[in-house]
Number of protein chains: 8
Amino acid sequence: MNELVSIVMGSDSDLEVMRECADVLKDFGVNFDMQVLSAHRTPALVADFARQAVKKGLKVIIAGAGGAAHLAGAVAANTTLPVIGVPLAATQMNGLDALLATVQMPAGVPVATVAVGKPGARNAGLLAVQILGLSDAKLAGKLRKFKDSLVESSRAKNKKLQEKLRK
Amino acid sequence: MNELVSIVMGSDSDLEVMRECADVLKDFGVNFDMQVLSAHRTPALVADFARQAVKKGLKVIIAGAGGAAHLAGAVAANTTLPVIGVPLAATQMNGLDALLATVQMPAGVPVATVAVGKPGARNAGLLAVQILGLSDAKLAGKLRKFKDSLVESSRAKNKKLQEKLRK
Amino acid sequence: MNELVSIVMGSDSDLEVMRECADVLKDFGVNFDMQVLSAHRTPALVADFARQAVKKGLKVIIAGAGGAAHLAGAVAANTTLPVIGVPLAATQMNGLDALLATVQMPAGVPVATVAVGKPGARNAGLLAVQILGLSDAKLAGKLRKFKDSLVESSRAKNKKLQEKLRK
Amino acid sequence: MNELVSIVMGSDSDLEVMRECADVLKDFGVNFDMQVLSAHRTPALVADFARQAVKKGLKVIIAGAGGAAHLAGAVAANTTLPVIGVPLAATQMNGLDALLATVQMPAGVPVATVAVGKPGARNAGLLAVQILGLSDAKLAGKLRKFKDSLVESSRAKNKKLQEKLRK
Amino acid sequence: MNELVSIVMGSDSDLEVMRECADVLKDFGVNFDMQVLSAHRTPALVADFARQAVKKGLKVIIAGAGGAAHLAGAVAANTTLPVIGVPLAATQMNGLDALLATVQMPAGVPVATVAVGKPGARNAGLLAVQILGLSDAKLAGKLRKFKDSLVESSRAKNKKLQEKLRK
Amino acid sequence: MNELVSIVMGSDSDLEVMRECADVLKDFGVNFDMQVLSAHRTPALVADFARQAVKKGLKVIIAGAGGAAHLAGAVAANTTLPVIGVPLAATQMNGLDALLATVQMPAGVPVATVAVGKPGARNAGLLAVQILGLSDAKLAGKLRKFKDSLVESSRAKNKKLQEKLRK
Amino acid sequence: MNELVSIVMGSDSDLEVMRECADVLKDFGVNFDMQVLSAHRTPALVADFARQAVKKGLKVIIAGAGGAAHLAGAVAANTTLPVIGVPLAATQMNGLDALLATVQMPAGVPVATVAVGKPGARNAGLLAVQILGLSDAKLAGKLRKFKDSLVESSRAKNKKLQEKLRK
Amino acid sequence: MNELVSIVMGSDSDLEVMRECADVLKDFGVNFDMQVLSAHRTPALVADFARQAVKKGLKVIIAGAGGAAHLAGAVAANTTLPVIGVPLAATQMNGLDALLATVQMPAGVPVATVAVGKPGARNAGLLAVQILGLSDAKLAGKLRKFKDSLVESSRAKNKKLQEKLRK
């Protein structure tokens with residue numbers, strides 16, 4: 001079966017955070033691949049990758065990068081697929097640089113930006129699943145269950161807290 | 001024909017910016033509706049709206065809000081559809097408040113955030129089209145043409161600049 | 001006896017900070033409960049909780065959350081009780097995201113925002129006591145004593161410093 | 001009848017914004033006074049004012065100031081009443097200075113901080129009403145009506161938008 | 001005679017600021033061209049332009065862009081020539097977004113970043129002249145004169161001020 | 001002999017940083033005292049202290065505080081002596097809150113603000129010595145020597161670096 | 001009679017703001033001169049000026065600059081006199097750049113920094129007077145009167161407000 | 001053989017970061033020296049150094065400093081050579097102070113600013129090589145190889161990732 005989602009990241013040091021994406025996609029049973037591709041070190045590879053994404057059957061691309069985080073934008077510049085950007089906190093600027101460099105795209109070339117770091121990486125995976133779920137009833141069902149699980153897990157934490165407080 | 005996209009905004013004063021979304025969707029021939037709904041003034045309406053979105057056949061929800069911009073998050077909390085958040089510069093904080101309040105969502109509840117203000121509103125429309133285009137070949141074709149038009153318009157601007165410089 | 005104050009927090013990982021609230025309320029002998037409730041994971045529970053708060057006899061609600069901190073706002077949207085928001089430093093943004101997402105509420109739906117993190121959590125408890133003290137002479141008396149104790153403890157620290165310096 | 005709320009501001013140039021507070025209190029029929037008092041120019045007056053606030057029958061104090069906004073903190077330092085701080089955008093820093101100087105109070109001396117500028121001033125008035133409404137059934141009733149009016153006004157704006165869109 | 005410097009900008013709306021570059025280069029008699037090229041709208045043109053820059057005899061490239069300002073970085077990714085980035089204040093973020101997106105480049109791909117807006121555009125031109133002046137004695141001489149002229153113009157302003165003060 | 005400088009700090013936890021002030025004053029042989037005084041916990045003591053400062057023969061007051069750092073401003077409000085403010089990094093805001101709360105004083109009530117944290121505390125001591133040195137030839141002489149020692153110590157570091165590099 | 005204070009500014013465009021300094025010094029009858037001197041355009045003049053300041057009988061130097069505001073620091077590097085820095089809002093960064101570039105001086109070279117823009121310029125003048133007042137009983141007396149006038153003017157504004165409210 | 005590049009830094013504590021510059025220059029076989037020179041502690045040495053730089057045959061100067069980082073600007077003020085500024089994260093402000101103090105130079109005196117900290121220091125070295133490579137065919141060749149090596153190293157990281165994923 002084909003990959004539907006491609007996760008790209010600027011450096012292998014981003015793997016620890018971007019793995020969260022992969023974990024979510026695995027949990028939902030979505031096929032994906034994962035690559036180190038740099039907007040600044042391997043710009044031609046990024047452009048080629050993005051230009052062939054539609055033909056290869058990809059549906060969503062997730063790009064994580066830090067600092068002057070151009071990767072998501074560079075991918076979005078070269079494809080009509082939805083591109084999700086994960087700003088990473090890779091410099092002294094706590095990810096504010098990556099956030100602004102990812103989200104402040106000019107009209108015409110959107111990047112769907114999520115939160116800085118791990119929660120963002122996780123949500124990038126989920127957003128991809130939500131997009132795929134629009135034309136995949138099975139995924140849509142899993143998303144409803146996941147939504148319920150959020151409630152359950154929050155309730156469970158609350159229950160635990162109540163028990164703790166009673167002591 | 002059914003609406004596929006719903007554009008919601010916190011206040012009618014947001015219309016001037018959020019109209020950019022509508023313009024893009026019209027250009028691409030995507031059916032949409034548009035509503036004033038406030039996470040803080042009409043929370044029950046927001047929750048109802050979001051909970052019924054799937055049943056009503058909606059595919060993507062775009063939410064624009066300023067300040068402590070909770071609208072996109074409040075919608076995302078109540079649906080499994082992809083939600084696009086447009087941070088608006090409605091306070092003295094130049095939209096930084098709205099950007100952080102929209103993008104820094106916790107793991108489990110993504111909001112696809114775009115740029116602050118008009119470019120973001122335009123891109124929110126485009127992102128919705130990109131998502132719908134995954135299962136609509138006609139839209140996908142229009143997106144390719146739009147992509148070409150970006151190149152053409154940029155080239156035209158460059159040509160004009162060259163003429164100006166020659167004088 | 002009934003709870004007068006309810007402390008809610010977005011996640012159980014917020015407990016370490018929000019416990020400061022509880023400690024203050026205990027010190028003043030104010031009945032309270034404490035719950036994990038998430039604006040984004042359990043939005044319906046938050047809305048129900050807030051809508052029934054008046055009937056349950058609650059007087060003040062304290063809500064602590066980090067990131068795109070919507071909890072206090074979501075509660076405030078659903079009650080006429082005073083709501084105190086504690087922004088938590090739960091992301092790489094050092095709590096600036098939570099501060100802006102908590103304080104920059106639109107006209108019509110106030111959230112009484114206190115400092116980021118532990119000092120804020122403590123002060124949220126105190127602010128609740130100050131509010132309750134308006135119609136509870138005993139509490140008002142305790143607040144006067146607490147005020148005096150601040151002076152005493154500061155004087156004591158100064159005295160210690162003087163002794164240290166003399167050596 | 002006695003004033004229950006006192007609105008103080010650092011300078012008469014703050015009146016334009018702080019008037020929003022007064023308007024809300026008038027709408028709710030709450031007696032208030034309003035004064036120019038500066039933490040830096042008239043510190044003794046501020047301290048006297050705050051120390052006598054309880055005796056004078058005041059219940060809530062609202063303080064608006066810009067820049068190194070110490071007024072709310074200076075009042076809070078001298079009273080056990082709840083103090084609401086309105087950060088004003090009076091310098092080139094867009095109110096970020098006033099926000100941080102108002103909200104980042106140390107443990108022991110809370111200031112209930114609202115949004116920067118006019119929405120904050122309005123909400124300061126409302127928050128005062130919410131606090132007073134805890135022991136005033138009539139005010140509590142008005143607050144419920146006000147809450148309903150928020151819904152109505154938002155619905156009305158939405159209706160207007162729908163009419164506009166239909167044309 | 002060949003162009004030695006190429007000035008590129010993301011949009012024709014950047015011309016007003018980037019013209020400052022051109023003015024400096026004209027003043028120093030340095031041949032240059034000027035183009036509208038967008039990292040996001042015409043990524044292939046940017047890459048081609050940058051890859052052929054050395055062959056075309058270019059020595060320095062100046063790139064101005066706003067928002068998620070990737071243009072300078074995209075050029076730098078594709079050439080070994082020195083690239084000067086001018087961050088433009090094109091969004092609500094006052095150029096902070098463009099500054100961080102231009103300057104925070106990863107190790108391996110430098111962008112010589114100058115100030116936001118017009119002073120930066122002027123300095124980009126000067127920096128290019130300084131670089132060219134290293135192997136062009138005539139330019140180096142002009143730079144020394146320019147340096148002297150800065151002193152003279154500052155002295156003249158001071159003299160004028162002294163006359164004003166005497167009156 | 002009388003104290004000429006008084007160092008005050010909001011909390012005893014500020015001692016570690018404010019000790020730098022004391023060290024400088026000791027090095028220059030300037031008499032000083034040091035106190036814990038809080039603008040928010042002991043406002044009356046702060047006001048009394050500042051009002052009697054001139055009579056007690058003090059010449060300069062140095063105030064260090066973090067968060068909503070009002071101490072320097074509260075002292076300055078109550079004296080005509082020069083007041084030096086040291087912003088401390090005591091919260092999650094890295095001292096930005098303290099810096100703005102210390103420096104952004106309104107016209108009429110200056111606070112001489114120095115850098116955040118230890119370098120600032122050191123410089124506060126030096127600034128006090130510079131002020132006292134205006135009417136104390138011996139101190140002025142020591143300041144010239146100190147200035148020379150800065151050059152010497154920097155030169156020594158450079159020499160060491162050269163030796164390191166030669167190896 | 002000799003000048004005791006020197007006001008320097010980076011550019012003649014800073015005059016509008018720095019004039020506030022001059023006005024204060026005139027009001028207090030303090031002799032001063034005023035010059036355009038740039039740390040970046042006329043560095044040698046700045047160094048000479050600062051090195052001869054003591055010999056010329058100057059007591060305090062006030063330096064105003066915007067952007068990468070080095071003027072105050074460059075003066076302080078070359079004198080043992082107290083140097084007051086006024087950060088000016090001369091770029092898109094609203095004076096935050098000038099504030100940080102003025103205040104964040106390294107240990108050993110203090111700059112007494114005041115607020116950004118006009119209030120800061122006024123306070124720089126006042127701070128100079130406070131410093132001079134330490135050894136000039138007449139000035140000290142004027143400062144006490146000025147302090148009283150702050151109270152009077154604030155009271156007058158309050159009175160006016162009360163009259164306005166009564167109508 | 002003569003040094004072509006001079007690396008200066010404000011303090012020996014900056015060596016750990018600025019060593020990255022030196023490493024790059026060594027790798028490219030470019031002669032350089034390295035010095036501790038402080039704009040604030042040894043201003044005369046900085047000015048002398050910069051004024052003699054051209055005569056000594058230097059081509060590029062790299063200056064690293066933290067806080068109110070004036071070193072690069074002070075050098076640029078005194079030479080017509082291209083000056084590269086490396087902002088260092090030496091204070092609580094995470095390098096934002098150094099970045100703004102380095103990059104926001106006034107028109108007439110450019111500083112080629114690179115990223116904060118180590119990646120910036122590395123890139124400063126590379127930028128110097130790029131500038132020197134304009135008139136040194138051997139260096140230009142090495143830069144092309146370096147560019148290729150970036151691609152290779154990124155590809156290698158990607159290959160490693162693929163192997164990891166396959167397991």
# chains A, B, ... in the order shown; residues from 1 in each chain; ligands from 1
call {"tool": "calpha_fit_and_write", "arguments": {"fixed": "chain G", "moving": "chain E", "output": "PDB file with C-alpha atoms, in the first residue's frame"}}
result
ATOM      1  CA  MET E   1      29.126  79.869  33.610  1.00  0.00           C
ATOM      2  CA  ASN E   2      30.111  76.369  32.610  1.00  0.00           C
ATOM      3  CA  GLU E   3      27.853  73.685  31.202  1.00  0.00           C
ATOM      4  CA  LEU E   4      27.260  70.909  33.729  1.00  0.00           C
ATOM      5  CA  VAL E   5      25.255  68.640  31.483  1.00  0.00           C
ATOM      6  CA  SER E   6      25.781  67.692  27.890  1.00  0.00           C
ATOM      7  CA  ILE E   7      22.955  66.304  25.802  1.00  0.00           C
ATOM      8  CA  VAL E   8      24.084  64.320  22.777  1.00  0.00           C
ATOM      9  CA  MET E   9      21.920  62.635  20.184  1.00  0.00           C
ATOM     10  CA  GLY E  10      22.654  60.359  17.237  1.00  0.00           C
ATOM     11  CA  SER E  11      20.839  62.399  14.630  1.00  0.00           C
ATOM     12  CA  ASP E  12      19.126  65.757  14.247  1.00  0.00           C
ATOM     13  CA  SER E  13      15.865  63.877  13.777  1.00  0.00           C
ATOM     14  CA  ASP E  14      16.132  62.986  17.476  1.00  0.00           C
ATOM     15  CA  LEU E  15      15.889  66.668  18.438  1.00  0.00           C
ATOM     16  CA  GLU E  16      12.135  66.698  18.757  1.00  0.00           C
ATOM     17  CA  VAL E  17      12.304  64.133  21.560  1.00  0.00           C
ATOM     18  CA  MET E  18      15.580  65.200  23.162  1.00  0.00           C
ATOM     19  CA  ARG E  19      14.370  68.784  23.437  1.00  0.00           C
ATOM     20  CA  GLU E  20      12.351  67.530  26.424  1.00  0.00           C
ATOM     21  CA  CYS E  21      15.656  67.082  28.263  1.00  0.00           C
ATOM     22  CA  ALA E  22      16.689  70.592  27.452  1.00  0.00           C
ATOM     23  CA  ASP E  23      13.356  72.007  28.611  1.00  0.00           C
ATOM     24  CA  VAL E  24      13.726  70.349  32.004  1.00  0.00           C
ATOM     25  CA  LEU E  25      17.296  71.586  32.449  1.00  0.00           C
ATOM     26  CA  LYS E  26      16.232  75.125  31.484  1.00  0.00           C
ATOM     27  CA  ASP E  27      13.359  74.979  33.960  1.00  0.00           C
ATOM     28  CA  PHE E  28      15.818  74.072  36.695  1.00  0.00           C
ATOM     29  CA  GLY E  29      18.351  76.664  35.577  1.00  0.00           C
ATOM     30  CA  VAL E  30      21.030  74.101  34.797  1.00  0.00           C
ATOM     31  CA  ASN E  31      23.563  75.037  32.117  1.00  0.00           C
ATOM     32  CA  PHE E  32      23.865  72.518  29.334  1.00  0.00           C
ATOM     33  CA  ASP E  33      24.940  72.126  25.750  1.00  0.00           C
ATOM     34  CA  MET E  34      23.441  69.928  23.103  1.00  0.00           C
ATOM     35  CA  GLN E  35      25.119  68.175  20.198  1.00  0.00           C
ATOM     36  CA  VAL E  36      24.561  65.820  17.305  1.00  0.00           C
ATOM     37  CA  LEU E  37      27.159  63.085  17.688  1.00  0.00           C
ATOM     38  CA  SER E  38      26.875  59.574  16.266  1.00  0.00           C
ATOM     39  CA  ALA E  39      28.489  56.465  17.713  1.00  0.00           C
ATOM     40  CA  HIS E  40      28.488  54.996  14.220  1.00  0.00           C
ATOM     41  CA  ARG E  41      29.022  57.967  11.930  1.00  0.00           C
ATOM     42  CA  THR E  42      31.411  60.032  14.067  1.00  0.00           C
ATOM     43  CA  PRO E  43      32.934  57.533  16.503  1.00  0.00           C
ATOM     44  CA  ALA E  44      36.146  59.521  16.989  1.00  0.00           C
ATOM     45  CA  LEU E  45      34.199  62.659  17.882  1.00  0.00           C
ATOM     46  CA  VAL E  46      32.161  60.695  20.403  1.00  0.00           C
ATOM     47  CA  ALA E  47      35.269  59.241  22.010  1.00  0.00           C
ATOM     48  CA  ASP E  48      37.010  62.644  22.137  1.00  0.00           C
ATOM     49  CA  PHE E  49      33.919  64.292  23.535  1.00  0.00           C
ATOM     50  CA  ALA E  50      33.574  61.678  26.256  1.00  0.00           C
ATOM     51  CA  ARG E  51      37.261  61.636  27.159  1.00  0.00           C
ATOM     52  CA  GLN E  52      37.362  65.403  27.641  1.00  0.00           C
ATOM     53  CA  ALA E  53      34.073  65.613  29.486  1.00  0.00           C
ATOM     54  CA  VAL E  54      35.574  65.593  32.984  1.00  0.00           C
ATOM     55  CA  LYS E  55      38.184  68.226  32.099  1.00  0.00           C
ATOM     56  CA  LYS E  56      35.545  70.467  30.570  1.00  0.00           C
ATOM     57  CA  GLY E  57      33.728  70.439  33.882  1.00  0.00           C
ATOM     58  CA  LEU E  58      30.787  68.361  32.759  1.00  0.00           C
ATOM     59  CA  LYS E  59      29.034  66.394  35.491  1.00  0.00           C
ATOM     60  CA  VAL E  60      26.429  64.341  33.640  1.00  0.00           C
ATOM     61  CA  ILE E  61      26.035  63.261  30.016  1.00  0.00           C
ATOM     62  CA  ILE E  62      22.669  62.422  28.496  1.00  0.00           C
ATOM     63  CA  ALA E  63      22.694  60.408  25.268  1.00  0.00           C
ATOM     64  CA  GLY E  64      19.669  59.674  23.112  1.00  0.00           C
ATOM     65  CA  ALA E  65      19.700  57.227  20.217  1.00  0.00           C
ATOM     66  CA  GLY E  66      17.447  54.781  18.370  1.00  0.00           C
ATOM     67  CA  GLY E  67      17.847  51.375  16.707  1.00  0.00           C
ATOM     68  CA  ALA E  68      21.130  49.689  17.630  1.00  0.00           C
ATOM     69  CA  ALA E  69      21.496  52.527  20.132  1.00  0.00           C
ATOM     70  CA  HIS E  70      25.192  52.534  21.020  1.00  0.00           C
ATOM     71  CA  LEU E  71      25.668  56.235  21.740  1.00  0.00           C
ATOM     72  CA  ALA E  72      25.146  56.141  25.505  1.00  0.00           C
ATOM     73  CA  GLY E  73      27.329  53.034  25.770  1.00  0.00           C
ATOM     74  CA  ALA E  74      30.068  54.547  23.594  1.00  0.00           C
ATOM     75  CA  VAL E  75      30.119  57.642  25.801  1.00  0.00           C
ATOM     76  CA  ALA E  76      30.091  55.576  28.989  1.00  0.00           C
ATOM     77  CA  ALA E  77      32.989  53.524  27.668  1.00  0.00           C
ATOM     78  CA  ASN E  78      35.098  56.670  27.526  1.00  0.00           C
ATOM     79  CA  THR E  79      34.295  58.532  30.730  1.00  0.00           C
ATOM     80  CA  THR E  80      33.865  58.006  34.442  1.00  0.00           C
ATOM     81  CA  LEU E  81      30.969  60.458  34.584  1.00  0.00           C
ATOM     82  CA  PRO E  82      27.442  59.158  35.050  1.00  0.00           C
ATOM     83  CA  VAL E  83      25.848  58.648  31.620  1.00  0.00           C
ATOM     84  CA  ILE E  84      22.085  58.648  31.126  1.00  0.00           C
ATOM     85  CA  GLY E  85      20.724  56.798  28.078  1.00  0.00           C
ATOM     86  CA  VAL E  86      17.437  57.679  26.395  1.00  0.00           C
ATOM     87  CA  PRO E  87      16.242  54.901  24.048  1.00  0.00           C
ATOM     88  CA  LEU E  88      14.396  56.389  21.072  1.00  0.00           C
ATOM     89  CA  ALA E  89      11.681  54.694  19.012  1.00  0.00           C
ATOM     90  CA  ALA E  90      13.331  55.333  15.654  1.00  0.00           C
ATOM     91  CA  THR E  91      12.679  52.029  13.872  1.00  0.00           C
ATOM     92  CA  GLN E  92       9.846  49.559  13.303  1.00  0.00           C
ATOM     93  CA  MET E  93      10.748  47.864  16.605  1.00  0.00           C
ATOM     94  CA  ASN E  94       8.951  50.541  18.703  1.00  0.00           C
ATOM     95  CA  GLY E  95      12.090  51.320  20.658  1.00  0.00           C
ATOM     96  CA  LEU E  96      12.556  47.792  22.023  1.00  0.00           C
ATOM     97  CA  ASP E  97      15.800  47.594  20.039  1.00  0.00           C
ATOM     98  CA  ALA E  98      17.034  50.901  21.454  1.00  0.00           C
ATOM     99  CA  LEU E  99      15.964  49.976  24.982  1.00  0.00           C
ATOM    100  CA  LEU E 100      17.848  46.669  24.987  1.00  0.00           C
ATOM    101  CA  ALA E 101      20.879  48.177  23.229  1.00  0.00           C
ATOM    102  CA  THR E 102      21.033  50.929  25.847  1.00  0.00           C
ATOM    103  CA  VAL E 103      20.245  49.083  29.060  1.00  0.00           C
ATOM    104  CA  GLN E 104      21.904  45.677  28.661  1.00  0.00           C
ATOM    105  CA  MET E 105      25.432  47.011  29.274  1.00  0.00           C
ATOM    106  CA  PRO E 106      28.107  44.620  30.553  1.00  0.00           C
ATOM    107  CA  ALA E 107      29.368  44.789  34.138  1.00  0.00           C
ATOM    108  CA  GLY E 108      31.854  47.626  34.477  1.00  0.00           C
ATOM    109  CA  VAL E 109      30.254  50.202  32.200  1.00  0.00           C
ATOM    110  CA  PRO E 110      26.854  51.371  33.477  1.00  0.00           C
ATOM    111  CA  VAL E 111      24.338  53.413  31.511  1.00  0.00           C
ATOM    112  CA  ALA E 112      21.477  54.876  33.558  1.00  0.00           C
ATOM    113  CA  THR E 113      18.612  54.045  31.225  1.00  0.00           C
ATOM    114  CA  VAL E 114      15.251  55.820  31.252  1.00  0.00           C
ATOM    115  CA  ALA E 115      11.965  55.172  29.438  1.00  0.00           C
ATOM    116  CA  VAL E 116      11.663  55.048  25.644  1.00  0.00           C
ATOM    117  CA  GLY E 117      10.920  58.393  23.970  1.00  0.00           C
ATOM    118  CA  LYS E 118       9.587  61.656  25.404  1.00  0.00           C
ATOM    119  CA  PRO E 119       8.833  60.606  29.007  1.00  0.00           C
ATOM    120  CA  GLY E 120      12.328  59.133  29.110  1.00  0.00           C
ATOM    121  CA  ALA E 121      13.906  62.292  27.676  1.00  0.00           C
ATOM    122  CA  ARG E 122      12.137  64.385  30.304  1.00  0.00           C
ATOM    123  CA  ASN E 123      13.213  62.017  33.043  1.00  0.00           C
ATOM    124  CA  ALA E 124      16.789  62.041  31.796  1.00  0.00           C
ATOM    125  CA  GLY E 125      16.803  65.789  32.433  1.00  0.00           C
ATOM    126  CA  LEU E 126      15.317  65.303  35.880  1.00  0.00           C
ATOM    127  CA  LEU E 127      17.729  62.528  36.792  1.00  0.00           C
ATOM    128  CA  ALA E 128      20.604  64.836  35.853  1.00  0.00           C
ATOM    129  CA  VAL E 129      19.127  67.514  38.118  1.00  0.00           C
ATOM    130  CA  GLN E 130      18.732  64.972  40.941  1.00  0.00           C
ATOM    131  CA  ILE E 131      22.387  64.033  40.582  1.00  0.00           C
ATOM    132  CA  LEU E 132      23.533  67.669  40.506  1.00  0.00           C
ATOM    133  CA  GLY E 133      21.211  68.453  43.399  1.00  0.00           C
ATOM    134  CA  LEU E 134      23.256  66.190  45.665  1.00  0.00           C
ATOM    135  CA  SER E 135      25.878  68.906  45.939  1.00  0.00           C
ATOM    136  CA  ASP E 136      23.783  71.971  45.123  1.00  0.00           C
ATOM    137  CA  ALA E 137      21.339  72.985  47.862  1.00  0.00           C
ATOM    138  CA  LYS E 138      19.492  75.375  45.569  1.00  0.00           C
ATOM    139  CA  LEU E 139      18.789  72.658  43.029  1.00  0.00           C
ATOM    140  CA  ALA E 140      17.777  70.294  45.820  1.00  0.00           C
ATOM    141  CA  GLY E 141      15.253  72.883  46.945  1.00  0.00           C
ATOM    142  CA  LYS E 142      13.885  73.237  43.434  1.00  0.00           C
ATOM    143  CA  LEU E 143      13.523  69.470  43.234  1.00  0.00           C
ATOM    144  CA  ARG E 144      11.428  69.444  46.401  1.00  0.00           C
ATOM    145  CA  LYS E 145       9.217  72.133  44.861  1.00  0.00           C
ATOM    146  CA  PHE E 146       8.994  70.174  41.644  1.00  0.00           C
ATOM    147  CA  LYS E 147       7.966  67.097  43.630  1.00  0.00           C
ATOM    148  CA  ASP E 148       5.239  69.170  45.273  1.00  0.00           C
ATOM    149  CA  SER E 149       4.148  70.484  41.895  1.00  0.00           C
ATOM    150  CA  LEU E 150       3.627  66.908  40.686  1.00  0.00           C
ATOM    151  CA  VAL E 151       1.208  66.398  43.563  1.00  0.00           C
ATOM    152  CA  GLU E 152      -0.501  69.708  42.890  1.00  0.00           C
ATOM    153  CA  SER E 153      -0.894  69.082  39.185  1.00  0.00           C
ATOM    154  CA  SER E 154      -2.268  65.599  39.808  1.00  0.00           C
ATOM    155  CA  ARG E 155      -4.677  66.977  42.413  1.00  0.00           C
ATOM    156  CA  ALA E 156      -5.766  69.697  39.998  1.00  0.00           C
ATOM    157  CA  LYS E 157      -6.483  67.105  37.332  1.00  0.00           C
ATOM    158  CA  ASN E 158      -8.474  65.119  39.852  1.00  0.00           C
ATOM    159  CA  LYS E 159     -10.443  68.203  40.856  1.00  0.00           C
ATOM    160  CA  LYS E 160     -11.241  68.918  37.224  1.00  0.00           C
ATOM    161  CA  LEU E 161     -12.384  65.323  36.797  1.00  0.00           C
ATOM    162  CA  GLN E 162     -14.663  65.622  39.832  1.00  0.00           C
ATOM    163  CA  GLU E 163     -16.242  68.771  38.346  1.00  0.00           C
ATOM    164  CA  LYS E 164     -16.714  67.048  35.039  1.00  0.00           C
ATOM    165  CA  LEU E 165     -18.349  64.057  36.728  1.00  0.00           C
ATOM    166  CA  ARG E 166     -20.721  66.236  38.752  1.00  0.00           C
ATOM    167  CA  LYS E 167     -22.221  67.755  35.627  1.00  0.00           C
TER     168      LYS E 167
END
